[in-house]
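S.K.: Sharing coords.cif, mmCIF, C-alpha atoms:
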```
data_target
loop_
_atom_site.label_atom_id
_atom_site.label_comp_id
_atom_site.auth_asym_id
_atom_site.auth_seq_id
_atom_site.Cartn_x
_atom_site.Cartn_y
_atom_site.Cartn_z
CA LEU A 1441 -6.05 1.48 -6.50
CA ARG A 1442 -9.80 0.86 -6.64
CA ASP A 1443 -9.84 1.09 -10.44
CA VAL A 1444 -6.87 -1.26 -10.86
CA ARG A 1445 -8.38 -3.86 -8.59
CA ALA A 1446 -11.73 -3.57 -10.37
CA GLY A 1447 -9.91 -4.05 -13.68
CA VAL A 1448 -8.19 -7.23 -12.49
CA GLU A 1449 -11.47 -8.60 -11.14
CA PHE A 1450 -13.22 -7.77 -14.43
CA CYS A 1451 -10.56 -9.64 -16.41
CA ARG A 1452 -10.72 -12.63 -14.08
CA GLU A 1453 -14.49 -12.79 -14.41
CA LYS A 1454 -14.22 -12.60 -18.20
CA VAL A 1455 -11.78 -15.52 -18.17
CA ARG A 1456 -14.09 -17.43 -15.81
CA ARG A 1457 -17.07 -16.98 -18.12
CA GLY A 1458 -15.00 -18.12 -21.10
CA LEU A 1459 -13.89 -21.28 -19.31
CA ARG A 1460 -17.43 -22.09 -18.21
CA LYS A 1461 -18.67 -21.67 -21.77
CA GLU A 1462 -16.10 -24.28 -22.84
CA ASN A 1463 -16.91 -26.52 -19.84
CA LYS A 1464 -13.38 -26.20 -18.51
CA PRO A 1465 -12.28 -26.01 -14.82
CA THR A 1466 -12.32 -22.51 -13.34
CA LYS A 1467 -9.99 -23.14 -10.40
CA GLU A 1468 -7.13 -21.26 -12.07
CA LEU A 1469 -7.99 -18.02 -13.85
CA LEU A 1470 -5.06 -16.81 -15.97
CA VAL A 1471 -5.40 -13.29 -17.36
CA PRO A 1472 -3.50 -13.18 -20.70
CA GLY A 1473 -2.15 -9.66 -20.16
CA LEU A 1474 -0.69 -10.60 -16.77
CA CYS A 1475 0.97 -13.66 -18.27
CA LEU A 1476 3.16 -11.55 -20.57
CA PRO A 1477 6.86 -11.19 -19.56
CA LYS A 1478 6.35 -7.73 -18.02
CA GLY A 1479 2.58 -7.76 -17.74
CA LEU A 1480 2.48 -8.04 -13.95
CA ALA A 1481 4.99 -5.26 -13.23
CA PRO A 1482 2.77 -2.13 -13.38
CA ILE A 1483 -0.13 -3.85 -11.61
CA ALA A 1484 2.11 -5.18 -8.85
CA MET A 1485 3.65 -1.74 -8.30
CA VAL A 1486 0.22 -0.15 -7.79
CA PHE A 1487 -0.81 -2.77 -5.27
CA LEU A 1488 2.55 -2.72 -3.48
CA GLN A 1489 2.36 1.05 -3.09
CA GLY A 1490 -1.11 0.60 -1.66
CA VAL A 1491 0.07 -1.99 0.85
CA LEU A 1492 3.10 0.06 1.91
CA ASN A 1493 1.69 3.58 1.78
CA GLY A 1494 -2.09 3.28 1.96
CA LYS A 1495 -3.78 6.07 3.91
CA SER A 1496 -5.87 3.62 5.95
CA SER A 1497 -5.85 0.00 7.05
CA GLU A 1498 -8.76 -0.62 4.70
CA GLN A 1499 -6.73 0.62 1.71
CA ARG A 1500 -3.71 -1.47 2.68
CA GLU A 1501 -5.84 -4.57 3.15
CA SER A 1502 -7.60 -4.07 -0.18
CA ALA A 1503 -4.24 -3.57 -1.93
CA ALA A 1504 -2.89 -6.82 -0.46
CA GLU A 1505 -6.01 -8.69 -1.53
CA GLY A 1506 -5.71 -7.21 -5.03
CA LEU A 1507 -2.07 -8.24 -5.21
CA LYS A 1508 -3.03 -11.79 -4.26
CA GLU A 1509 -5.58 -11.88 -7.09
CA ALA A 1510 -3.04 -10.52 -9.59
CA ILE A 1511 -0.47 -13.14 -8.55
CA ALA A 1512 -3.06 -15.89 -8.92
CA SER A 1513 -3.86 -14.59 -12.42
CA CYS A 1514 -0.38 -15.02 -13.93
CA THR A 1515 1.85 -17.98 -14.75
CA PRO A 1516 4.92 -19.05 -12.74
CA ALA A 1517 7.12 -17.91 -15.62
CA SER A 1518 5.61 -14.42 -15.73
CA LEU A 1519 5.81 -14.12 -11.94
CA LYS A 1520 9.44 -15.19 -11.61
CA PRO A 1521 11.06 -11.84 -12.64
CA HIS A 1522 9.03 -10.05 -9.96
CA VAL A 1523 9.59 -12.37 -6.99
CA ILE A 1524 12.19 -10.16 -5.27
CA GLN A 1525 10.26 -6.98 -6.01
CA ILE A 1526 7.11 -8.36 -4.38
CA THR A 1527 8.23 -10.75 -1.63
CA GLY A 1528 10.69 -8.53 0.26
CA PRO A 1529 8.24 -5.64 0.87
CA LEU A 1530 5.47 -8.01 1.95
CA ILE A 1531 7.75 -9.63 4.54
CA ARG A 1532 8.58 -6.17 5.89
CA VAL A 1533 4.88 -5.33 6.19
CA LEU A 1534 4.40 -8.32 8.50
CA GLY A 1535 7.24 -7.08 10.68
CA ASP A 1536 5.62 -3.66 11.17
CA LYS A 1537 2.65 -2.65 13.30
CA HIS A 1538 -0.47 -3.10 11.21
CA SER A 1539 -4.04 -4.19 11.80
CA GLY A 1540 -4.96 -7.85 11.83
CA GLY A 1541 -6.81 -7.39 8.54
CA VAL A 1542 -3.73 -5.99 6.79
CA LYS A 1543 -1.51 -8.79 8.10
CA ALA A 1544 -4.00 -11.51 7.17
CA ALA A 1545 -4.35 -10.15 3.63
CA THR A 1546 -0.56 -9.84 3.31
CA LEU A 1547 -0.13 -13.45 4.43
CA ALA A 1548 -2.68 -14.51 1.82
CA ALA A 1549 -0.66 -12.69 -0.84
CA LEU A 1550 2.53 -14.42 0.29
CA ASN A 1551 0.75 -17.76 0.27
CA ALA A 1552 -0.22 -17.08 -3.34
CA MET A 1553 3.44 -16.23 -4.07
CA ILE A 1554 4.59 -19.57 -2.63
CA GLU A 1555 1.94 -21.52 -4.51
CA LYS A 1556 2.61 -19.80 -7.83
CA GLY A 1557 6.30 -18.94 -7.54
CA GLY A 1558 7.52 -22.26 -6.18
CA VAL A 1559 11.30 -22.72 -6.20
CA SER A 1560 11.91 -19.11 -7.22
CA LEU A 1561 11.11 -18.18 -3.60
CA LYS A 1562 13.82 -20.44 -2.13
CA PRO A 1563 16.14 -17.51 -1.27
CA PHE A 1564 13.37 -16.12 0.97
CA VAL A 1565 12.61 -19.36 2.84
CA PRO A 1566 14.52 -18.46 6.06
CA GLN A 1567 12.84 -15.02 6.29
CA LEU A 1568 9.43 -16.38 5.41
CA GLN A 1569 9.68 -19.21 7.94
CA THR A 1570 10.70 -16.86 10.76
CA THR A 1571 7.92 -14.43 9.86
CA PHE A 1572 5.22 -17.10 9.63
CA VAL A 1573 6.23 -18.69 12.94
CA LYS A 1574 5.97 -15.29 14.66
CA CYS A 1575 2.53 -14.79 13.15
CA LEU A 1576 1.35 -18.08 14.68
CA VAL A 1577 1.17 -16.30 18.05
CA ASP A 1578 -0.49 -13.13 16.75
CA THR A 1579 -3.47 -11.92 18.78
CA HIS A 1580 -5.75 -12.02 15.73
CA ARG A 1581 -7.12 -15.45 14.76
CA PRO A 1582 -7.28 -14.79 10.98
CA VAL A 1583 -3.57 -13.89 11.07
CA ARG A 1584 -2.71 -17.11 12.91
CA GLN A 1585 -4.78 -19.18 10.48
CA ARG A 1586 -3.23 -17.61 7.38
CA ALA A 1587 0.26 -18.01 8.86
CA ALA A 1588 -0.40 -21.70 9.53
CA GLN A 1589 -1.60 -22.20 5.97
CA ALA A 1590 1.41 -20.39 4.49
CA LEU A 1591 3.90 -22.22 6.73
CA GLY A 1592 2.39 -25.57 5.84
CA ARG A 1593 2.86 -24.77 2.15
CA LEU A 1594 6.36 -23.33 2.62
CA VAL A 1595 7.76 -26.68 3.73
CA VAL A 1596 7.96 -27.91 0.15
CA LEU A 1597 10.80 -25.41 -0.30
CA GLN A 1598 12.39 -26.14 3.07
CA PRO A 1599 15.22 -28.72 3.10
CA ARG A 1600 15.05 -29.08 6.90
CA VAL A 1601 11.38 -30.01 7.29
CA ASP A 1602 12.04 -32.35 10.20
CA ALA A 1603 13.71 -29.64 12.27
CA LEU A 1604 10.85 -27.20 11.61
CA VAL A 1605 8.17 -29.73 12.54
CA GLY A 1606 10.13 -30.67 15.66
CA ASP A 1607 10.31 -27.03 16.75
CA LEU A 1608 6.57 -26.56 16.15
CA VAL A 1609 5.73 -29.71 18.13
CA ASN A 1610 7.92 -28.55 21.02
CA SER A 1611 6.19 -25.17 21.07
CA ILE A 1612 2.82 -26.92 21.29
CA ALA A 1613 4.02 -29.14 24.13
CA THR A 1614 5.06 -26.12 26.20
CA SER A 1615 1.92 -24.05 25.55
CA ASP A 1616 -1.52 -23.99 27.15
CA ALA A 1617 -3.88 -26.06 24.99
CA ARG A 1618 -6.46 -23.29 25.33
CA ASP A 1619 -4.07 -20.79 23.77
CA GLY A 1620 -5.18 -19.81 20.25
CA SER A 1621 -1.63 -20.21 18.99
CA VAL A 1622 -1.78 -23.96 19.69
CA GLU A 1623 -4.60 -24.43 17.19
CA ALA A 1624 -2.68 -22.46 14.55
CA THR A 1625 0.54 -24.38 15.22
CA LEU A 1626 -1.32 -27.69 14.92
CA ARG A 1627 -2.64 -26.52 11.55
CA ALA A 1628 0.91 -25.68 10.47
CA VAL A 1629 2.12 -29.14 11.53
CA ALA A 1630 -0.77 -30.75 9.66
CA GLY A 1631 0.15 -28.74 6.57
CA ALA A 1632 3.77 -29.80 6.86
CA PHE A 1633 2.76 -33.48 6.97
CA ALA A 1634 0.37 -32.99 4.05
CA HIS A 1635 2.91 -31.29 1.80
CA ALA A 1636 6.21 -32.85 2.90
CA GLY A 1637 5.45 -35.61 5.37
CA ALA A 1638 7.91 -37.99 3.72
CA ASN A 1639 10.76 -35.76 4.95
CA VAL A 1640 9.74 -35.94 8.61
CA LYS A 1641 11.62 -38.51 10.72
CA PRO A 1642 9.70 -41.25 12.59
CA LEU A 1643 10.69 -39.88 16.02
CA THR A 1644 9.27 -36.47 15.12
CA VAL A 1645 6.10 -38.08 13.82
CA LEU A 1646 5.75 -39.95 17.12
CA ALA A 1647 6.29 -36.74 19.09
CA ALA A 1648 3.57 -35.03 17.05
CA LYS A 1649 1.17 -37.91 17.69
CA ASN A 1650 1.87 -37.79 21.42
CA VAL A 1651 1.26 -34.05 21.61
CA CYS A 1652 -2.03 -34.40 19.74
CA TRP A 1653 -3.08 -37.24 22.06
CA GLU A 1654 -2.25 -35.15 25.15
CA ILE A 1655 -4.25 -32.20 23.83
CA GLY A 1656 -7.16 -34.53 23.15
CA GLN A 1657 -6.96 -35.88 26.70
CA GLU A 1658 -6.91 -32.36 28.16
CA SER A 1659 -9.99 -31.48 26.11
CA ASP A 1660 -11.81 -34.58 27.36
CA ASP A 1661 -10.90 -33.73 30.96
CA GLU A 1662 -12.42 -30.27 30.57
CA GLN A 1663 -15.75 -31.70 29.35
CA PRO A 1664 -18.46 -31.30 32.03
#
```
Could you show the structure in this file as structure tokens?
M.R.:
Amino acid sequence: LRDVRAGVEFCREKVRRGLRKENKPTKELLVPGLCLPKGLAPIAMVFLQGVLNGKSSEQRESAAEGLKEAIASCTPASLKPHVIQITGPLIRVLGDKHSGGVKAATLAALNAMIEKGGVSLKPFVPQLQTTFVKCLVDTHRPVRQRAAQALGRLVVLQPRVDALVGDLVNSIATSDARDGSVEATLRAVAGAFAHAGANVKPLTVLAAKNVCWEIGQESDDEQP
């Protein structure tokens, strides 16, 4: 696992240096070998086995982080054949009892899947949405933050954005503003507006504004 991750990082750094030499943007680092039709398969299997069967939380977390880097290093076309193979197991990991670090890293990998895989993840939208919403109330802040980020990005694949945003706003309205889950849920709502705000109905937008105003008022009232 360590050697495979080091190999991916080495290739990414080599690509980064090449782009810098040509004065090109380095935001996306595509590793040629991982962009081949079956190039991702063996690498993904190593990382998935590490996430699912790692001997320690540290190994599982490192495997999830490595998987995220590998996903980010391939093209949407080269990722598409592996969407089912990768996404299903990662969702199951979030449903099991793991450390906050493992869950946060797994959410980051799924976020990379959504960003890179796009519409090929549509069959998983219901499962992903349910999983991300549950993670918004996790006891670990990094998990809540990653879940909010992933949920905000998922809305571009969700045909019922208005209903999702409405449910999130209602959950905020019935929660204590000091609860950490409120901050994460607000981030998810903000992400939904940023990525698919045009699909949110005016009444839901108004409800979101009112909730934010109420939270702001409560914060002002608590100031000494």
S.K.: If you count only C-alpha atoms, which residues fall within 10 Å of Phe1633 (chain A), apart from same-chain ones fewer than 6 positions away, as a PDB file with C-alpha atoms, in the frame of the given file?
M.R.:
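Heads up, here's the output in result.pdb:
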```pdb
ATOM      1  CA  GLY A1592       2.390 -25.570   5.840  1.00  0.00           C
ATOM      2  CA  ARG A1593       2.860 -24.770   2.150  1.00  0.00           C
ATOM      3  CA  VAL A1595       7.760 -26.680   3.730  1.00  0.00           C
ATOM      4  CA  VAL A1601      11.380 -30.010   7.290  1.00  0.00           C
ATOM      5  CA  ASP A1602      12.040 -32.350  10.200  1.00  0.00           C
ATOM      6  CA  VAL A1605       8.170 -29.730  12.540  1.00  0.00           C
ATOM      7  CA  ARG A1627      -2.640 -26.520  11.550  1.00  0.00           C
ATOM      8  CA  ASN A1639      10.760 -35.760   4.950  1.00  0.00           C
ATOM      9  CA  VAL A1640       9.740 -35.940   8.610  1.00  0.00           C
ATOM     10  CA  VAL A1645       6.100 -38.080  13.820  1.00  0.00           C
TER      11      VAL A1645
END
```
S.K.: Determine the residue set returned by the PyMOL selection byres ((chain A and resi 1542-1556) around 9) for the present structure, and present it as a PDB file with C-alpha atoms, keeping the file's coordinate frame.
M.R.:
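Written out: selection.pdb:
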```
ATOM      1  CA  VAL A1491       0.070  -1.990   0.850  1.00  0.00           C
ATOM      2  CA  SER A1497      -5.850   0.000   7.050  1.00  0.00           C
ATOM      3  CA  GLU A1498      -8.760  -0.620   4.700  1.00  0.00           C
ATOM      4  CA  GLN A1499      -6.730   0.620   1.710  1.00  0.00           C
ATOM      5  CA  ARG A1500      -3.710  -1.470   2.680  1.00  0.00           C
ATOM      6  CA  GLU A1501      -5.840  -4.570   3.150  1.00  0.00           C
ATOM      7  CA  SER A1502      -7.600  -4.070  -0.180  1.00  0.00           C
ATOM      8  CA  ALA A1503      -4.240  -3.570  -1.930  1.00  0.00           C
ATOM      9  CA  ALA A1504      -2.890  -6.820  -0.460  1.00  0.00           C
ATOM     10  CA  GLU A1505      -6.010  -8.690  -1.530  1.00  0.00           C
ATOM     11  CA  GLY A1506      -5.710  -7.210  -5.030  1.00  0.00           C
ATOM     12  CA  LEU A1507      -2.070  -8.240  -5.210  1.00  0.00           C
ATOM     13  CA  LYS A1508      -3.030 -11.790  -4.260  1.00  0.00           C
ATOM     14  CA  GLU A1509      -5.580 -11.880  -7.090  1.00  0.00           C
ATOM     15  CA  ILE A1511      -0.470 -13.140  -8.550  1.00  0.00           C
ATOM     16  CA  ALA A1512      -3.060 -15.890  -8.920  1.00  0.00           C
ATOM     17  CA  CYS A1514      -0.380 -15.020 -13.930  1.00  0.00           C
ATOM     18  CA  THR A1515       1.850 -17.980 -14.750  1.00  0.00           C
ATOM     19  CA  PRO A1516       4.920 -19.050 -12.740  1.00  0.00           C
ATOM     20  CA  LEU A1519       5.810 -14.120 -11.940  1.00  0.00           C
ATOM     21  CA  VAL A1523       9.590 -12.370  -6.990  1.00  0.00           C
ATOM     22  CA  ILE A1526       7.110  -8.360  -4.380  1.00  0.00           C
ATOM     23  CA  THR A1527       8.230 -10.750  -1.630  1.00  0.00           C
ATOM     24  CA  LEU A1530       5.470  -8.010   1.950  1.00  0.00           C
ATOM     25  CA  ILE A1531       7.750  -9.630   4.540  1.00  0.00           C
ATOM     26  CA  VAL A1533       4.880  -5.330   6.190  1.00  0.00           C
ATOM     27  CA  LEU A1534       4.400  -8.320   8.500  1.00  0.00           C
ATOM     28  CA  HIS A1538      -0.470  -3.100  11.210  1.00  0.00           C
ATOM     29  CA  SER A1539      -4.040  -4.190  11.800  1.00  0.00           C
ATOM     30  CA  GLY A1540      -4.960  -7.850  11.830  1.00  0.00           C
ATOM     31  CA  GLY A1541      -6.810  -7.390   8.540  1.00  0.00           C
ATOM     32  CA  GLY A1557       6.300 -18.940  -7.540  1.00  0.00           C
ATOM     33  CA  GLY A1558       7.520 -22.260  -6.180  1.00  0.00           C
ATOM     34  CA  VAL A1559      11.300 -22.720  -6.200  1.00  0.00           C
ATOM     35  CA  SER A1560      11.910 -19.110  -7.220  1.00  0.00           C
ATOM     36  CA  LEU A1561      11.110 -18.180  -3.600  1.00  0.00           C
ATOM     37  CA  LEU A1568       9.430 -16.380   5.410  1.00  0.00           C
ATOM     38  CA  PHE A1572       5.220 -17.100   9.630  1.00  0.00           C
ATOM     39  CA  CYS A1575       2.530 -14.790  13.150  1.00  0.00           C
ATOM     40  CA  HIS A1580      -5.750 -12.020  15.730  1.00  0.00           C
ATOM     41  CA  PRO A1582      -7.280 -14.790  10.980  1.00  0.00           C
ATOM     42  CA  VAL A1583      -3.570 -13.890  11.070  1.00  0.00           C
ATOM     43  CA  ARG A1584      -2.710 -17.110  12.910  1.00  0.00           C
ATOM     44  CA  GLN A1585      -4.780 -19.180  10.480  1.00  0.00           C
ATOM     45  CA  ARG A1586      -3.230 -17.610   7.380  1.00  0.00           C
ATOM     46  CA  ALA A1587       0.260 -18.010   8.860  1.00  0.00           C
ATOM     47  CA  GLN A1589      -1.600 -22.200   5.970  1.00  0.00           C
ATOM     48  CA  ALA A1590       1.410 -20.390   4.490  1.00  0.00           C
ATOM     49  CA  LEU A1591       3.900 -22.220   6.730  1.00  0.00           C
ATOM     50  CA  ARG A1593       2.860 -24.770   2.150  1.00  0.00           C
ATOM     51  CA  LEU A1594       6.360 -23.330   2.620  1.00  0.00           C
ATOM     52  CA  LEU A1597      10.800 -25.410  -0.300  1.00  0.00           C
TER      53      LEU A1597
END
```
S.K.: Using only C-alpha atoms, find the one residue out of A:Lys1464, A:Arg1600, A:Lys1649, A:Arg1457 that sits nearest to Ala1613 (chain A).
M.R.: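 The closest residue to Ala1613 (chain A) is A:Lys1649.
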S.K.: Return as a VMD selection string the set of residues that the PyMOL selection byres ((chain A and resi 1484) around 9) yields on the displayed structure.
M.R.: chain A and resid 1480 to 1483 1485 to 1489 1506 to 1507 1510 to 1511 1522 1525 to 1526
S.K.: Can you work out the spacing between CA of Lys1520 (chain A) and CA of Leu1576 (chain A) in Å, to one decimal?
M.R.: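 According to the coordinates, CA of Lys1520 (chain A) and CA of Leu1576 (chain A) are separated by 27.7 Å.
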S.K.: For CA of Ile1612 (chain A) and CA of Val1651 (chain A), quote the distance in Å rounded to one decimal.
M.R.: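 Answer for the CA of Ile1612 (chain A) to CA of Val1651 (chain A) separation: 7.3 Å.
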S.K.: What is the CA of Ala1648 (chain A) to CA of Val1629 (chain A) distance in Å?
M.R.: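 Spanning CA of Ala1648 (chain A) to CA of Val1629 (chain A) is a straight-line distance of 8.2 Å.
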S.K.: Evaluate the PyMOL selection byres ((chain A and resi 1451) around 12) here and jot the selected residues down as a PyMOL selection string.
M.R.: chain A and resi 1444-1450+1452-1458+1469-1474+1509-1510+1513-1514
S.K.: For Ser1615 (chain A), find every residue with an atom within 12 Å (counting only C-alpha atoms), except residues of its own chain fewer than 6 positions away, and show them as an MDAnalysis selection string.
M.R.: chainID A and resid 1577 1608:1609 1621:1623 1625:1626 1651 1654:1655
S.K.: Could you save the residues just selected, with C-alpha atoms, as a short mmCIF file (atom, residue, chain, number, x, y, z; two decimals), keeping the file's coordinate frame?
M.R.:
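Generated file (out_13.cif):
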```cif
data_model
loop_
_atom_site.label_atom_id
_atom_site.label_comp_id
_atom_site.auth_asym_id
_atom_site.auth_seq_id
_atom_site.Cartn_x
_atom_site.Cartn_y
_atom_site.Cartn_z
CA VAL A 1577 1.17 -16.30 18.05
CA LEU A 1608 6.57 -26.56 16.15
CA VAL A 1609 5.73 -29.71 18.13
CA SER A 1621 -1.63 -20.21 18.99
CA VAL A 1622 -1.78 -23.96 19.69
CA GLU A 1623 -4.60 -24.43 17.19
CA THR A 1625 0.54 -24.38 15.22
CA LEU A 1626 -1.32 -27.69 14.92
CA VAL A 1651 1.26 -34.05 21.61
CA GLU A 1654 -2.25 -35.15 25.15
CA ILE A 1655 -4.25 -32.20 23.83
#
```
S.K.: Out of A:Ser1496, A:Asn1463, A:Thr1644, A:Ser1518, which residue has the shortest atom-to-atom distance to Ala1603 (chain A) when counting only C-alpha atoms?
M.R.: A:Thr1644
S.K.: Taking all atoms listed in the file into account, name the residue in A:Gly1606, A:Ala1632, A:Asp1578, A:Gln1569 that is nearest to Leu1646 (chain A).
M.R.: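 Closest to Leu1646 (chain A) of all the choices is A:Gly1606.
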S.K.: Of the residues A:Val1596, A:Trp1653, A:Gly1528, A:Arg1581, which is the one nearest to Gln1567 (chain A), using all atoms listed in the file?
M.R.: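 The closest residue to Gln1567 (chain A) is A:Gly1528.
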